[in-house]
file query.txt (compact mmCIF, C-alpha atoms and all ligand atoms)
# COMPACT_ATOMS: atom_id res chain seq x y z
CA MET A 1 178.27 58.39 58.75
CA PRO A 2 177.04 61.08 56.59
CA ILE A 3 180.10 63.27 55.61
CA MET A 4 180.66 66.93 54.86
CA GLU A 5 177.21 67.83 56.03
CA PRO A 6 176.24 71.46 55.59
CA VAL A 7 175.97 73.48 58.76
CA THR A 8 173.42 75.93 59.92
CA THR A 9 173.94 79.53 58.98
CA THR A 10 173.73 82.21 61.60
CA SER A 11 176.47 84.65 60.77
CA ASN A 12 175.69 88.30 60.25
CA ASP A 13 178.65 88.99 58.05
CA THR A 14 176.54 90.56 55.35
CA ALA A 15 175.85 93.56 57.54
CA ASP A 16 177.78 96.71 56.77
CA THR A 17 176.35 99.29 59.15
CA GLY A 18 174.97 99.41 62.67
CA PRO A 19 174.01 96.64 65.03
CA THR A 20 172.52 93.57 63.41
CA GLU A 21 170.15 90.93 64.58
CA PRO A 22 171.48 87.39 64.73
CA ARG A 23 170.26 85.31 61.84
CA LEU A 24 167.91 82.51 62.66
CA LEU A 25 168.32 79.02 61.28
CA ALA A 26 168.23 78.65 57.52
CA THR A 27 168.80 74.89 57.48
CA LEU A 28 169.59 72.24 60.05
CA SER A 29 171.48 69.02 59.44
CA PRO A 30 170.99 65.85 61.48
CA SER A 31 174.54 66.10 62.81
CA ARG A 32 174.09 69.71 63.95
CA ALA A 33 170.74 68.83 65.53
CA SER A 34 172.55 66.08 67.36
CA ASP A 35 175.26 68.53 68.45
CA PHE A 36 172.66 70.83 69.99
CA LYS A 37 170.98 67.97 71.80
CA GLN A 38 174.32 66.88 73.20
CA CYS A 39 175.49 70.35 74.22
CA PRO A 40 174.15 73.77 73.12
CA GLN A 41 177.53 75.39 73.88
CA MET A 42 179.31 72.96 71.57
CA PHE A 43 176.73 73.73 68.87
CA LYS A 44 177.51 77.43 69.31
CA PHE A 45 181.27 76.96 69.04
CA LYS A 46 180.88 74.83 65.93
CA SER A 47 177.94 76.28 64.01
CA ILE A 48 177.64 79.89 65.12
CA ASP A 49 181.15 80.96 66.07
CA LYS A 50 182.45 78.58 63.39
CA ILE A 51 185.52 77.69 65.38
CA GLU A 52 187.17 74.89 63.49
CA SER A 53 188.34 71.96 65.54
CA PRO A 54 191.55 70.23 64.45
CA PRO A 55 190.85 67.22 62.24
CA THR A 56 191.51 63.83 63.79
CA VAL A 57 192.73 60.52 62.46
CA PHE A 58 189.28 59.12 63.21
CA GLN A 59 187.57 61.71 61.02
CA ALA A 60 190.12 61.04 58.28
CA ARG A 61 189.34 57.33 58.44
CA GLY A 62 185.59 57.95 58.37
CA THR A 63 185.75 60.30 55.39
CA THR A 64 188.06 58.06 53.39
CA ALA A 65 186.14 54.87 54.17
CA HIS A 66 182.87 56.50 53.12
CA LEU A 67 184.36 57.54 49.79
CA ALA A 68 185.74 54.05 49.21
CA LEU A 69 182.47 52.33 50.08
CA GLN A 70 180.51 54.75 47.94
CA ARG A 71 182.77 54.05 44.96
CA LEU A 72 182.75 50.30 45.52
CA PHE A 73 179.16 50.33 44.32
CA ASP A 74 180.16 52.13 41.12
CA LEU A 75 181.82 48.86 40.12
CA PRO A 76 179.90 45.98 38.50
CA GLY A 77 178.67 43.58 41.20
CA PRO A 78 181.17 40.75 40.56
CA GLU A 79 184.12 43.17 40.95
CA ARG A 80 183.22 44.30 44.47
CA GLU A 81 186.00 42.34 46.09
CA PRO A 82 188.03 43.22 49.21
CA GLN A 83 191.12 44.12 47.22
CA ARG A 84 189.15 46.60 45.14
CA LEU A 85 187.81 48.25 48.29
CA TYR A 86 191.33 48.57 49.72
CA ASP A 87 192.55 50.09 46.44
CA LEU A 88 189.66 52.54 46.50
CA PHE A 89 190.52 53.48 50.07
CA ARG A 90 194.16 54.15 49.15
CA ALA A 91 193.15 56.19 46.09
CA ALA A 92 190.58 58.20 48.07
CA TRP A 93 193.15 58.99 50.75
CA MET A 94 195.69 60.20 48.20
CA GLU A 95 192.97 62.37 46.72
CA ILE A 96 191.93 64.17 49.90
CA LYS A 97 194.88 64.04 52.28
CA ASP A 98 196.69 67.22 51.23
CA GLU A 99 193.65 69.40 51.00
CA ASP A 100 191.52 68.12 53.88
CA TYR A 101 194.09 66.70 56.30
CA PRO A 102 197.40 68.49 55.81
CA GLY A 103 199.97 67.66 58.47
CA LEU A 104 197.71 65.11 60.16
CA PHE A 105 200.54 62.68 60.73
CA GLU A 106 203.89 63.48 62.25
CA SER A 107 205.70 60.85 60.22
CA VAL A 108 205.29 58.51 57.27
CA ASP A 109 205.37 55.61 59.72
CA ASP A 110 202.40 57.04 61.62
CA GLU A 111 200.46 57.45 58.38
CA ARG A 112 201.33 53.91 57.32
CA ALA A 113 200.21 52.47 60.67
CA TRP A 114 196.93 54.41 60.38
CA GLY A 115 196.49 53.06 56.84
CA ILE A 116 197.00 49.46 57.91
CA GLU A 117 194.60 49.85 60.81
CA SER A 118 192.06 51.45 58.46
CA LEU A 119 192.28 48.57 55.99
CA ASN A 120 191.79 46.11 58.84
CA VAL A 121 188.63 47.98 59.82
CA LEU A 122 187.44 47.96 56.20
CA ALA A 123 188.10 44.23 55.94
CA ASN A 124 185.35 43.73 58.53
CA TYR A 125 182.84 45.04 56.03
CA PHE A 126 182.92 41.76 54.10
CA SER A 127 181.93 39.80 57.17
CA ILE A 128 178.79 41.94 57.46
CA GLU A 129 177.41 41.77 53.95
CA ASP A 130 178.32 40.71 50.44
CA PRO A 131 178.34 43.85 48.26
CA ARG A 132 178.23 41.68 45.12
CA THR A 133 174.61 40.87 45.96
CA LEU A 134 173.47 44.43 46.70
CA GLU A 135 172.21 47.09 44.32
CA PRO A 136 171.48 50.22 46.36
CA LEU A 137 168.70 52.49 45.14
CA ASP A 138 170.74 55.50 46.20
CA ARG A 139 174.14 56.36 47.69
CA GLU A 140 175.41 59.61 49.21
CA LEU A 141 172.03 61.12 48.51
CA ASP A 142 171.96 64.89 49.10
CA MET A 143 168.71 65.60 50.91
CA LEU A 144 167.29 69.10 51.26
CA GLU A 145 163.68 69.13 52.34
CA ASP A 146 161.42 71.92 53.53
CA LEU A 147 159.18 70.20 56.05
CA ASP A 148 156.59 72.96 56.05
CA GLY A 149 158.67 75.65 57.69
CA ILE A 150 161.78 73.82 58.85
CA VAL A 151 164.47 73.02 56.30
CA ILE A 152 166.55 69.92 56.92
CA ARG A 153 169.64 69.05 54.95
CA GLY A 154 172.00 66.12 55.06
CA ILE A 155 173.60 63.36 53.06
CA LEU A 156 172.17 59.88 53.32
CA ASP A 157 174.76 57.09 52.99
CA ARG A 158 172.75 54.36 51.29
CA MET A 159 169.22 53.10 50.69
CA GLU A 160 168.13 49.76 49.29
CA GLU A 161 165.23 47.37 48.87
CA THR A 162 165.77 44.26 50.99
CA ASP A 163 163.73 41.30 52.21
CA ASP A 164 162.78 43.58 55.12
CA GLY A 165 161.54 46.30 52.74
CA LEU A 166 163.09 49.72 52.14
CA VAL A 167 166.12 50.14 54.42
CA ILE A 168 168.28 53.22 55.05
CA THR A 169 171.86 52.37 55.94
CA ASP A 170 174.58 54.40 57.63
CA TYR A 171 178.25 53.38 57.83
CA LYS A 172 180.21 54.10 60.99
CA THR A 173 183.92 53.70 61.50
CA GLY A 174 183.79 54.47 65.23
CA LYS A 175 183.04 52.00 67.97
CA ALA A 176 179.47 50.79 68.38
CA PRO A 177 177.62 51.75 71.56
CA PRO A 178 176.39 48.93 73.80
CA GLU A 179 173.07 47.58 72.57
CA ARG A 180 171.12 49.09 75.47
CA PHE A 181 172.20 52.58 74.35
CA ALA A 182 171.98 51.93 70.62
CA ASP A 183 168.57 53.53 70.09
CA LYS A 184 170.04 57.03 70.47
CA ALA A 185 172.40 56.29 67.60
CA PHE A 186 169.41 56.05 65.24
CA PHE A 187 168.53 59.73 65.71
CA ALA A 188 170.03 60.83 62.38
CA LEU A 189 168.65 57.85 60.46
CA ARG A 190 165.12 58.60 61.71
CA ILE A 191 165.55 62.12 60.36
CA TYR A 192 166.65 60.71 56.99
CA ALA A 193 163.64 58.39 56.99
CA LEU A 194 161.42 61.41 57.62
CA LEU A 195 163.05 63.24 54.69
CA ILE A 196 162.59 60.23 52.41
CA ARG A 197 158.92 60.00 53.38
CA HIS A 198 158.50 63.70 52.67
CA ARG A 199 160.27 63.49 49.31
CA THR A 200 158.82 60.25 47.97
CA GLY A 201 155.65 59.64 49.97
CA VAL A 202 157.02 56.22 50.92
CA THR A 203 157.77 55.34 54.53
CA PRO A 204 161.00 53.34 54.88
CA ASP A 205 160.69 50.02 56.69
CA GLY A 206 164.04 49.77 58.43
CA LEU A 207 167.13 51.62 59.62
CA LYS A 208 170.55 49.97 59.69
CA LEU A 209 173.78 51.06 61.35
CA ILE A 210 176.90 49.28 60.14
CA TYR A 211 179.81 49.73 62.56
CA LEU A 212 182.90 48.54 60.73
CA THR A 213 184.92 48.48 63.92
CA GLY A 214 183.87 45.37 65.74
CA PRO A 215 182.05 44.78 63.50
CA THR A 216 178.54 45.39 64.78
CA VAL A 217 175.25 45.84 62.96
CA TYR A 218 172.11 47.28 64.51
CA GLN A 219 168.86 47.28 62.58
CA VAL A 220 165.48 48.51 63.76
CA PRO A 221 162.08 48.88 62.08
CA VAL A 222 160.67 52.34 61.49
CA ASP A 223 157.07 53.44 60.95
CA ASP A 224 154.89 56.51 60.48
CA GLU A 225 154.27 56.91 64.19
CA GLN A 226 158.02 57.18 64.87
CA LEU A 227 158.48 59.59 61.99
CA ASP A 228 155.60 61.79 63.16
CA ALA A 229 157.27 61.90 66.58
CA MET A 230 160.58 62.84 64.93
CA ASP A 231 158.86 65.59 62.99
CA THR A 232 157.48 67.01 66.27
CA GLN A 233 160.86 66.68 67.94
CA LEU A 234 162.64 68.48 65.09
CA ARG A 235 160.17 71.37 65.15
CA ALA A 236 160.70 71.77 68.89
CA LEU A 237 164.47 71.62 68.44
CA TRP A 238 164.34 74.18 65.63
CA ALA A 239 162.35 76.57 67.87
CA THR A 240 164.71 76.00 70.81
CA ILE A 241 167.78 76.70 68.69
CA ASN A 242 166.24 79.89 67.34
CA THR A 243 165.44 81.02 70.88
CA ALA A 244 169.06 80.33 71.85
CA ILE A 245 170.25 82.38 68.86
CA GLU A 246 167.96 85.28 69.79
CA THR A 247 168.95 85.27 73.47
CA GLY A 248 172.57 84.20 73.02
CA ASP A 249 172.00 81.58 75.69
CA PHE A 250 173.75 78.30 74.81
CA PRO A 251 174.26 76.52 78.13
CA PRO A 252 177.15 74.06 78.30
CA GLN A 253 175.97 70.55 79.04
CA THR A 254 178.74 68.54 80.59
CA SER A 255 178.89 64.80 80.13
CA LYS A 256 181.40 62.02 79.58
CA LEU A 257 181.58 63.25 75.99
CA CYS A 258 183.39 66.40 77.17
CA ASP A 259 186.55 64.27 77.22
CA TRP A 260 186.35 64.11 73.42
CA CYS A 261 185.26 67.72 72.90
CA SER A 262 187.86 69.82 71.13
CA TYR A 263 186.40 73.00 72.65
CA GLN A 264 187.05 72.06 76.25
CA ASP A 265 189.92 74.57 76.54
CA ILE A 266 187.58 77.47 75.81
CA CYS A 267 184.40 76.05 77.34
CA PRO A 268 182.87 78.12 80.17
CA ALA A 269 182.02 74.90 82.03
CA PHE A 270 185.73 74.26 82.40
CA ALA A 271 186.73 77.88 82.96
CA SER A 272 187.86 77.28 86.55
CA GLU A 273 190.35 74.74 85.26
CA GLN A 274 191.87 77.16 82.80
CA PRO A 275 195.06 78.96 83.79
CA GLU A 276 194.62 82.60 84.79
CA VAL A 277 195.88 85.13 82.32
CA THR A 278 198.09 87.74 84.03
S1 LIG B 1 183.50 70.64 76.87
FE1 LIG B 1 181.54 69.65 77.28
S2 LIG B 1 180.24 71.31 78.06
FE2 LIG B 1 181.98 72.27 77.03
S3 LIG B 1 181.32 72.64 74.92
FE3 LIG B 1 182.34 70.67 74.96
S4 LIG B 1 180.69 69.16 75.26
FE4 LIG B 1 179.90 71.18 75.85
call {"tool": "encode", "arguments": {"input": "query.txt", "output": "structure tokens"}}
result
Amino acid sequence: MPIMEPVTTTSNDTADTGPTEPRLLATLSPSRASDFKQCPQMFKFKSIDKIESPPTVFQARGTTAHLALQRLFDLPGPEREPQRLYDLFRAAWMEIKDEDYPGLFESVDDERAWGIESLNVLANYFSIEDPRTLEPLDRELDMLEDLDGIVIRGILDRMEETDDGLVITDYKTGKAPPERFADKAFFALRIYALLIRHRTGVTPDGLKLIYLTGPTVYQVPVDDEQLDAMDTQLRALWATINTAIETGDFPPQTSKLCDWCSYQDICPAFASEQPEVT
């Protein structure tokens, strides 16, 4: 999971007089593109209105695990042992908890239980691959590419040369989708592959999703035809988002995912369920 991805910018807070036009997209990250595809209203709450949703224990685990895994590869290969990864996780959590997740846990016991569960999830990593044998070409790579008129930005988790060629890898700490729905989960990685092709002129050969919970690994090949299709899709999405910004029309798109949406209380699609204000 790419972390701390930049968001689109649409605010008009630089205006000082008179009515202002809404700002169109300056950049788009894979995660915000995915938000809009899932639900334009959610995209608006998050990226335009900039309503912060309360951090969750799942986000805290994802952020901390990414930091730990990133730093694991700073160590010489032979030292990339489970205990070192657990130590890196604990150190990363101590580093970010007060600033990024203040008051996340009601008690020390809750935090400790979360920590133990997190280490159990991390332990799965070593049943997926042996980090002592890997030397990634890049980790946490900040990508900002102007694809001839649309500017895409995001952070790529990891990229390495393997027996299957050049592979882009993304870590996930959430639960893996069933295999028949897994293709959708590669949306962001196809965008990163497109950015890598644009930056280096080399088309990656594979995309890999590592779900630490489970664990589950999905890997698919990627080629120029897929990336050309992604390029077309992104341009269409960019134009659709700009039209939504100009018209102010961000229709809510209800789905099972609404159950996990932190904006449900203020979502127009659920307005009839909200208590009347008297
Ligand atoms: S509750 Fe559902 S419809 Fe409303 S913003 Fe969230 S995802 Fe969209």
call {"tool": "residues_around", "arguments": {"input": "query.txt", "residues": "Phe58 of chain A", "least_positions_apart": "2", "cutoff": "10 Å", "atoms": "all atoms listed in the file", "output": "ChimeraX atom specification"}}
result
/A:55-56,60-64,114,118,173-174
call {"tool": "closest_residue", "arguments": {"input": "query.txt", "among": "A:Ala229, A:Cys39, A:Leu234, A:Ile210", "to": "Ile128 of chain A", "atoms": "only C-alpha atoms"}}
result
A:Ile210
call {"tool": "residues_near_ligand", "arguments": {"input": "query.txt", "ligand": "ligand LIG 1 (chain B)", "cutoff": "10 Å", "atoms": "only C-alpha atoms and all ligand atoms", "output": "VMD selection string"}}
result
chain A and resid 35 to 36 38 to 46 250 to 271
call {"tool": "write_last_selection", "arguments": {"input": "query.txt", "atoms": "C-alpha atoms", "output": "tab-separated table (two decimals), in the coordinates of the input"}}
result
chain	number	residue	atom	x	y	z
A	35	ASP	CA	175.26	68.53	68.45
A	36	PHE	CA	172.66	70.83	69.99
A	38	GLN	CA	174.32	66.88	73.20
A	39	CYS	CA	175.49	70.35	74.22
A	40	PRO	CA	174.15	73.77	73.12
A	41	GLN	CA	177.53	75.39	73.88
A	42	MET	CA	179.31	72.96	71.57
A	43	PHE	CA	176.73	73.73	68.87
A	44	LYS	CA	177.51	77.43	69.31
A	45	PHE	CA	181.27	76.96	69.04
A	46	LYS	CA	180.88	74.83	65.93
A	250	PHE	CA	173.75	78.30	74.81
A	251	PRO	CA	174.26	76.52	78.13
A	252	PRO	CA	177.15	74.06	78.30
A	253	GLN	CA	175.97	70.55	79.04
A	254	THR	CA	178.74	68.54	80.59
A	255	SER	CA	178.89	64.80	80.13
A	256	LYS	CA	181.40	62.02	79.58
A	257	LEU	CA	181.58	63.25	75.99
A	258	CYS	CA	183.39	66.40	77.17
A	259	ASP	CA	186.55	64.27	77.22
A	260	TRP	CA	186.35	64.11	73.42
A	261	CYS	CA	185.26	67.72	72.90
A	262	SER	CA	187.86	69.82	71.13
A	263	TYR	CA	186.40	73.00	72.65
A	264	GLN	CA	187.05	72.06	76.25
A	265	ASP	CA	189.92	74.57	76.54
A	266	ILE	CA	187.58	77.47	75.81
A	267	CYS	CA	184.40	76.05	77.34
A	268	PRO	CA	182.87	78.12	80.17
A	269	ALA	CA	182.02	74.90	82.03
A	270	PHE	CA	185.73	74.26	82.40
A	271	ALA	CA	186.73	77.88	82.96
call {"tool": "residues_around", "arguments": {"input": "query.txt", "residues": "Trp93 of chain A", "least_positions_apart": "2", "cutoff": "10 Å", "atoms": "all atoms listed in the file", "output": "MDAnalysis selection string"}}
result
chainID A and resid 60:61 63:65 67:68 87:91 95:98 100:101 115
call {"tool": "closest_residue", "arguments": {"input": "query.txt", "among": "A:Ile48, A:Leu104, A:Leu141, A:Leu207", "to": "Asp164 of chain A", "atoms": "only C-alpha atoms"}}
result
A:Leu207
call {"tool": "closest_residue", "arguments": {"input": "query.txt", "among": "A:Glu225, A:Ile241, A:Leu119, A:Tyr218", "to": "Arg180 of chain A", "atoms": "all atoms listed in the file"}}
result
A:Tyr218
call {"tool": "closest_residue", "arguments": {"input": "query.txt", "among": "A:Val57, A:Met230, A:Asn242, A:Asp157", "to": "Pro102 of chain A", "atoms": "all atoms listed in the file"}}
result
A:Val57
call {"tool": "atom_distance", "arguments": {"input": "query.txt", "atom1": "atom CA of Leu166 of chain A", "atom2": "atom CA of His198 of chain A"}}
result
14.7 Å
call {"tool": "closest_residue", "arguments": {"input": "query.txt", "among": "A:Ile191, A:Glu52, A:Glu246, A:Leu85", "to": "Asn124 of chain A", "atoms": "only C-alpha atoms"}}
result
A:Leu85
call {"tool": "atom_distance", "arguments": {"input": "query.txt", "atom1": "atom CA of Glu117 of chain A", "atom2": "atom CA of Ile155 of chain A"}}
result
26.1 Å
call {"tool": "atom_distance", "arguments": {"input": "query.txt", "atom1": "atom CA of Pro30 of chain A", "atom2": "atom CA of Val167 of chain A"}}
result
17.9 Å
call {"tool": "axis_aligned_box", "arguments": {"input": "query.txt", "around": "segment 136-152 of chain A", "padding_each_side": "6 Å", "output": "AutoDock Vina command-line options"}}
result
--center_x 166.0 --center_y 62.9 --center_z 52.0 --size_x 30.8 --size_y 37.4 --size_z 25.7
call {"tool": "residues_around", "arguments": {"input": "query.txt", "residues": "segment 82-84 of chain A", "least_positions_apart": "3", "cutoff": "12 Å", "atoms": "all atoms listed in the file", "output": "list in words"}}
result
Ala68, Leu69, Arg71, Leu72, Phe73, Asp74, Leu75, Pro76, Gly77, Pro78, Glu79, Asp87, Leu88, Phe89, Arg90, Ala91, Leu119, Asn120, Val121, Leu122, Ala123, Asn124, Tyr125, Phe126, Ser127, Glu129, Asp130, Pro131 and Arg132 of chain A
call {"tool": "write_last_selection", "arguments": {"input": "query.txt", "atoms": "C-alpha atoms", "output": "compact mmCIF listing (two decimals), keeping the file's coordinate frame"}}
result
# COMPACT_ATOMS: atom_id res chain seq x y z
CA ALA A 68 185.74 54.05 49.21
CA LEU A 69 182.47 52.33 50.08
CA ARG A 71 182.77 54.05 44.96
CA LEU A 72 182.75 50.30 45.52
CA PHE A 73 179.16 50.33 44.32
CA ASP A 74 180.16 52.13 41.12
CA LEU A 75 181.82 48.86 40.12
CA PRO A 76 179.90 45.98 38.50
CA GLY A 77 178.67 43.58 41.20
CA PRO A 78 181.17 40.75 40.56
CA GLU A 79 184.12 43.17 40.95
CA ASP A 87 192.55 50.09 46.44
CA LEU A 88 189.66 52.54 46.50
CA PHE A 89 190.52 53.48 50.07
CA ARG A 90 194.16 54.15 49.15
CA ALA A 91 193.15 56.19 46.09
CA LEU A 119 192.28 48.57 55.99
CA ASN A 120 191.79 46.11 58.84
CA VAL A 121 188.63 47.98 59.82
CA LEU A 122 187.44 47.96 56.20
CA ALA A 123 188.10 44.23 55.94
CA ASN A 124 185.35 43.73 58.53
CA TYR A 125 182.84 45.04 56.03
CA PHE A 126 182.92 41.76 54.10
CA SER A 127 181.93 39.80 57.17
CA GLU A 129 177.41 41.77 53.95
CA ASP A 130 178.32 40.71 50.44
CA PRO A 131 178.34 43.85 48.26
CA ARG A 132 178.23 41.68 45.12
call {"tool": "closest_residue", "arguments": {"input": "query.txt", "among": "A:Asp170, A:Leu237, A:Gly165, A:Ser29", "to": "Asp205 of chain A", "atoms": "only C-alpha atoms"}}
result
A:Gly165
call {"tool": "residues_around", "arguments": {"input": "query.txt", "residues": "Arg139 of chain A", "least_positions_apart": "3", "cutoff": "8 Å", "atoms": "all atoms listed in the file", "output": "VMD selection string"}}
result
chain A and resid 70 136 156 to 159
call {"tool": "residues_around", "arguments": {"input": "query.txt", "residues": "Arg197 of chain A", "least_positions_apart": "5", "cutoff": "9 Å", "atoms": "all atoms listed in the file", "output": "list in words"}}
result
Tyr192, Val202, Thr203, Pro204, Asp224 and Leu227 of chain A
